[in-house]
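Q: Below is the file start.txt, which contains compact mmCIF, C-alpha atoms and all ligand atoms.
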# COMPACT_ATOMS: atom_id res chain seq x y z
CA MET A 1 -50.44 4.61 6.35
CA PHE A 2 -47.92 6.91 4.79
CA SER A 3 -45.92 7.10 7.95
CA SER A 4 -45.68 3.29 8.35
CA LEU A 5 -44.58 2.89 4.74
CA LEU A 6 -42.01 5.59 5.30
CA SER A 7 -40.69 3.85 8.38
CA LEU A 8 -40.53 0.57 6.47
CA LEU A 9 -38.52 2.23 3.74
CA LEU A 10 -36.22 3.66 6.35
CA VAL A 11 -35.82 0.34 8.13
CA VAL A 12 -35.31 -1.99 5.15
CA PRO A 13 -31.97 -0.58 3.97
CA LEU A 14 -30.69 -0.69 7.53
CA ILE A 15 -31.59 -4.35 7.87
CA ALA A 16 -29.99 -5.07 4.50
CA ALA A 17 -26.84 -3.29 5.64
CA ILE A 18 -26.41 -5.44 8.76
CA PRO A 19 -24.04 -8.18 7.66
CA VAL A 20 -24.32 -11.76 8.86
CA PRO A 21 -20.59 -12.26 8.63
CA LEU A 22 -18.30 -15.10 7.75
CA GLU A 23 -17.40 -16.74 11.02
CA ALA A 24 -14.55 -19.01 12.00
CA GLU A 25 -14.97 -21.88 14.42
CA PHE A 26 -11.65 -22.98 15.89
CA VAL A 27 -11.25 -26.63 16.80
CA GLU A 28 -8.07 -25.58 18.70
CA ASN A 29 -6.51 -29.00 18.68
CA PRO A 30 -3.62 -28.58 19.33
CA ALA A 31 -4.28 -25.75 21.78
CA ALA A 32 -4.73 -22.10 20.80
CA HIS A 33 -1.87 -19.67 20.27
CA ALA A 34 -3.23 -16.40 21.71
CA GLY A 35 -1.11 -13.98 19.65
CA SER A 36 -1.99 -15.74 16.41
CA LYS A 37 -5.68 -15.94 17.29
CA ALA A 38 -5.79 -12.15 17.75
CA LYS A 39 -4.18 -11.69 14.31
CA PHE A 40 -6.68 -14.08 12.74
CA ASP A 41 -9.68 -12.34 14.30
CA GLU A 42 -8.45 -8.94 13.11
CA ALA A 43 -7.98 -10.29 9.57
CA LEU A 44 -11.42 -11.92 9.66
CA GLY A 45 -12.92 -8.46 10.27
CA VAL A 46 -11.07 -7.10 7.21
CA ALA A 47 -12.20 -10.14 5.19
CA ASN A 48 -15.83 -9.50 6.10
CA THR A 49 -15.60 -5.90 4.88
CA GLN A 50 -14.21 -7.18 1.57
CA ILE A 51 -16.90 -9.87 1.32
CA ALA A 52 -19.62 -7.23 1.91
CA ASN A 53 -18.08 -5.10 -0.88
CA MET A 54 -18.03 -8.10 -3.25
CA LYS A 55 -21.63 -8.92 -2.43
CA ASN A 56 -22.70 -5.32 -3.05
CA VAL A 57 -21.01 -5.23 -6.47
CA LEU A 58 -22.48 -8.61 -7.53
CA ASP A 59 -26.00 -7.85 -6.26
CA ASN A 60 -26.29 -4.21 -7.32
CA HIS A 61 -23.76 -3.57 -10.10
CA PRO A 62 -23.76 -6.68 -12.36
CA ASN A 63 -22.05 -4.77 -15.19
CA ASP A 64 -19.17 -3.54 -13.05
CA PRO A 65 -16.00 -4.18 -15.12
CA ARG A 66 -14.24 -5.64 -12.06
CA ILE A 67 -16.49 -8.73 -12.32
CA ALA A 68 -15.22 -9.60 -15.82
CA GLN A 69 -11.71 -8.70 -14.72
CA ALA A 70 -11.90 -11.23 -11.89
CA PHE A 71 -13.92 -14.01 -13.52
CA GLY A 72 -13.47 -13.61 -17.29
CA PRO A 73 -15.72 -12.24 -20.05
CA ASN A 74 -18.68 -14.60 -19.47
CA PRO A 75 -18.90 -14.93 -15.72
CA ASN A 76 -21.51 -17.28 -14.29
CA LEU A 77 -23.00 -14.67 -12.00
CA GLY A 78 -25.39 -17.06 -10.28
CA VAL A 79 -22.61 -19.44 -9.22
CA ILE A 80 -20.35 -16.57 -8.14
CA GLN A 81 -23.16 -14.98 -6.13
CA GLY A 82 -23.91 -18.34 -4.54
CA ASN A 83 -20.32 -18.69 -3.37
CA VAL A 84 -20.10 -15.09 -2.14
CA ASN A 85 -23.38 -15.55 -0.27
CA LYS A 86 -21.83 -18.58 1.43
CA LEU A 87 -18.82 -16.44 2.37
CA ALA A 88 -21.15 -13.76 3.72
CA THR A 89 -23.15 -16.03 6.00
CA LYS A 90 -21.42 -19.30 6.85
CA THR A 91 -18.78 -20.64 9.20
CA MET A 92 -15.36 -21.98 8.25
CA LYS A 93 -13.87 -24.51 10.63
CA VAL A 94 -10.21 -23.88 11.47
CA GLN A 95 -8.04 -26.57 13.05
CA THR A 96 -6.03 -24.38 15.41
CA SER A 97 -4.50 -20.92 15.77
CA ASP A 98 -1.15 -22.58 16.50
CA PRO A 99 0.75 -22.00 13.22
CA SER A 100 3.22 -24.84 13.82
CA PHE A 101 0.47 -27.41 13.24
CA ALA A 102 -0.05 -26.40 9.59
CA ASP A 103 3.71 -26.02 9.06
CA ASN A 104 4.29 -29.54 10.41
CA THR A 105 1.49 -30.99 8.25
CA HIS A 106 3.03 -29.33 5.20
CA GLY A 107 6.65 -30.05 6.12
CA GLY A 108 7.78 -26.41 6.08
CA ARG A 109 6.50 -22.85 6.37
CA VAL A 110 3.07 -22.56 4.78
CA ASN A 111 0.35 -19.94 4.25
CA GLY A 112 -2.99 -21.76 4.37
CA PHE A 113 -4.77 -24.78 2.96
CA VAL A 114 -7.92 -26.87 3.23
CA PRO A 115 -7.45 -30.64 3.08
CA VAL A 116 -9.92 -32.19 0.59
CA ASP A 117 -10.77 -35.89 0.61
CA THR A 118 -12.51 -37.26 -2.47
CA GLY A 119 -12.15 -40.94 -1.45
CA SER A 120 -15.86 -41.39 -0.80
CA GLY A 121 -16.83 -39.90 -4.16
CA GLU A 122 -17.97 -36.72 -2.38
CA ARG A 123 -15.73 -33.73 -1.67
CA VAL A 124 -15.18 -33.72 2.07
CA THR A 125 -13.28 -30.73 3.40
CA SER A 126 -11.43 -30.84 6.73
CA PRO A 127 -10.92 -27.74 8.90
CA ALA A 128 -8.66 -25.11 7.31
CA GLN A 129 -5.05 -24.83 8.47
CA PHE A 130 -3.00 -21.62 8.60
CA GLY A 131 0.78 -21.67 9.05
CA SER A 132 3.60 -19.31 9.94
CA THR A 133 3.63 -17.54 6.53
CA PHE A 134 0.02 -16.52 7.15
CA TYR A 135 0.77 -15.13 10.61
CA SER A 136 4.05 -13.37 9.80
CA GLY A 137 4.24 -9.57 9.79
CA ASN A 138 2.11 -6.76 11.20
CA SER A 139 2.00 -4.20 8.38
CA GLU A 140 -1.25 -3.12 6.70
CA ALA A 141 -0.16 -5.18 3.68
CA ASP A 142 0.29 -8.23 5.93
CA LYS A 143 -3.22 -7.75 7.35
CA LYS A 144 -4.71 -7.49 3.85
CA PHE A 145 -2.74 -10.57 2.80
CA ARG A 146 -4.23 -12.47 5.75
CA ALA A 147 -7.76 -11.28 4.88
CA GLY A 148 -7.29 -12.41 1.27
CA THR A 149 -6.00 -15.79 2.42
CA ILE A 150 -9.00 -16.26 4.72
CA ILE A 151 -11.38 -15.51 1.81
CA HIS A 152 -9.40 -17.86 -0.47
CA GLU A 153 -9.43 -20.75 2.00
CA ALA A 154 -13.07 -20.14 3.03
CA THR A 155 -14.03 -20.46 -0.65
CA HIS A 156 -12.30 -23.88 -0.73
CA TYR A 157 -13.91 -24.88 2.55
CA LEU A 158 -17.46 -23.68 1.82
CA GLY A 159 -17.63 -23.96 -1.97
CA ALA A 160 -15.18 -26.81 -2.69
CA THR A 161 -13.69 -24.61 -5.41
CA GLY A 162 -10.28 -25.47 -6.86
CA ASP A 163 -7.19 -23.40 -7.63
CA HIS A 164 -6.54 -24.58 -11.16
CA VAL A 165 -8.00 -23.93 -14.60
CA ALA A 166 -8.22 -26.69 -17.22
CA PRO A 167 -8.10 -26.11 -20.99
CA GLY A 168 -11.39 -24.49 -22.04
CA SER A 169 -11.36 -22.21 -18.99
CA LYS A 170 -12.99 -24.74 -16.72
CA ILE A 171 -12.12 -24.34 -13.08
CA VAL A 172 -10.93 -27.68 -11.73
CA ARG A 173 -12.92 -28.53 -8.63
CA ALA A 174 -11.13 -29.03 -5.33
CA GLY A 175 -9.47 -32.43 -5.16
CA ALA A 176 -10.47 -33.29 -8.75
CA LYS A 177 -8.17 -34.79 -11.39
CA GLN A 178 -6.22 -32.22 -13.39
CA PRO A 179 -6.34 -32.93 -17.13
CA ASP A 180 -3.32 -32.30 -19.38
CA GLY A 181 -2.68 -28.62 -19.90
CA THR A 182 -4.14 -27.54 -16.58
CA VAL A 183 -2.91 -24.12 -15.53
CA ARG A 184 -1.90 -24.32 -11.91
CA GLY A 185 -2.24 -21.24 -9.80
CA GLY A 186 -3.36 -19.96 -6.43
CA GLY A 187 -2.35 -21.51 -3.18
CA ARG A 188 -0.64 -24.67 -2.08
CA ARG A 189 -1.36 -27.80 -4.04
CA SER A 190 -0.64 -31.38 -3.06
CA PRO A 191 -2.57 -34.53 -3.96
CA ASP A 192 -5.13 -33.98 -1.23
CA SER A 193 -4.90 -30.30 -0.31
CA GLN A 194 -5.93 -27.02 -1.89
ZN ZN B 1 -6.14 -22.49 -2.89
Would you put the structure from the file into structure tokens?
A:
Amino acid sequence: MFSSLLSLLLVVPLIAAIPVPLEAEFVENPAAHAGSKAKFDEALGVANTQIANMKNVLDNHPNDPRIAQAFGPNPNLGVIQGNVNKLATKTMKVQTSDPSFADNTHGGRVNGFVPVDTGSGERVTSPAQFGSTFYSGNSEADKKFRAGTIIHEATHYLGATGDHVAPGSKIVRAGAKQPDGTVRGGGRRSPDSQ
């Protein structure tokens, strides 16, 4: 009896430590760009390490000052955990690893964005697009920048979160109207993209 409990205690933390990572499913239309795909996959690995760290802080250290630093003095932990859990387990669709597709959609060099359509009354996200700014450079800083961009765009794709904060510290949802006084920040913004 003791030995089986002991083995359970030994096994449980190991299971908990095995991440079910954020995955990316490439539509690859237009066709893949092999060099860019390799850069994306490398950055996705870095992103998953960062997501696991975020999840650990939120789940096990709710008073960590970095939470208030990132989300303000009264963070809605349940909502934040819900979004991070999505990041930790779900799949983001990506249009293509060919950076020229996103650049052409944007009309110039671009980092990344998720088109959001609110025409039906629901928020419908299309596959994420990553352009030549995202794929440029090979330094450690460039790799971290790519990982951060993947997390940012995956949050739009999976959580329909917005980039902008309205008066009263309300985050404006992706694709939603921006009231007067909205503070615009984060990534690219156009009428239908975040
Ligand atoms: Zn954004």
Q: Identify which of the residues A:Ala141, A:Val116, A:Ile80, A:Ala32 lies closest to ligand ZN 1 (chain B), counting all atoms listed in the file when measuring atom-to-atom distances.
A: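 Among the listed residues, A:Val116 lies closest to ligand ZN 1 (chain B).
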Q: Pick out the closest residue to ligand ZN 1 (chain B) from this set: A:Ser136, A:Ala128, A:Pro65, A:Lys37. Count all atoms listed in the file.
A: A:Ala128
Q: From the set A:Ser139, A:Ser120, A:Phe113, A:Thr125, which residue has the shortest atom-to-atom contact distance to ligand ZN 1 (chain B), counting only C-alpha atoms and all ligand atoms?
A: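 With only C-alpha atoms and all ligand atoms as the atom set, the closest residue is A:Phe113.
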Q: Could you check how far CA of Gln95 (chain A) sits from CA of Tyr157 (chain A), in Å to one decimal?
A: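 Atom-to-atom, CA of Gln95 (chain A) and CA of Tyr157 (chain A) are spaced 12.1 Å apart.
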Q: Can you pull out every residue within 9 Å of Glu153 (chain A), counting only C-alpha atoms, but drop anything in the same chain fewer than 5 positions away, and send it as a PyMOL selection string?
A: chain A and resi 92+112-114+128-129+148+158+187+194
Q: Okay, now the selection with C-alpha atoms, as a tab-separated table (two decimals), in the frame of the given file?
A:
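And here is the file that came out, selection.tsv:
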chain	number	residue	atom	x	y	z
A	92	MET	CA	-15.36	-21.98	8.25
A	112	GLY	CA	-2.99	-21.76	4.37
A	113	PHE	CA	-4.77	-24.78	2.96
A	114	VAL	CA	-7.92	-26.87	3.23
A	128	ALA	CA	-8.66	-25.11	7.31
A	129	GLN	CA	-5.05	-24.83	8.47
A	148	GLY	CA	-7.29	-12.41	1.27
A	158	LEU	CA	-17.46	-23.68	1.82
A	187	GLY	CA	-2.35	-21.51	-3.18
A	194	GLN	CA	-5.93	-27.02	-1.89
Q: Please provide the set of residues having any atom within 9 Å of region 47-61 of chain A, restricted to all atoms listed in the file, with same-chain residues fewer than 2 positions apart removed, written as a list in words.
A: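 Final neighbour list, sorted by chain and number: Pro19, Pro21, Leu22, Glu23, Glu42, Ala43, Leu44, Gly45, Asn63, Asp64, Arg66, Ile67, Leu77, Ile80, Gln81, Val84, Asn85, Leu87, Ala88, Lys144, Arg146, Ala147, Gly148, Thr149, Ile150 and Ile151 of chain A.
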Q: Using Å and a single decimal, report how far CA of Glu122 (chain A) sits from CA of Ser100 (chain A).
A: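 Rounded to one decimal, the two atoms are 29.2 Å apart.
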Q: Ranking A:Gly119, A:Gly108, A:Gly137, A:Gly162 by minimum distance to ligand ZN 1 (chain B) and counting only C-alpha atoms and all ligand atoms, which one comes first?
A: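 Counting only C-alpha atoms and all ligand atoms, the residue closest to ligand ZN 1 (chain B) is A:Gly162.
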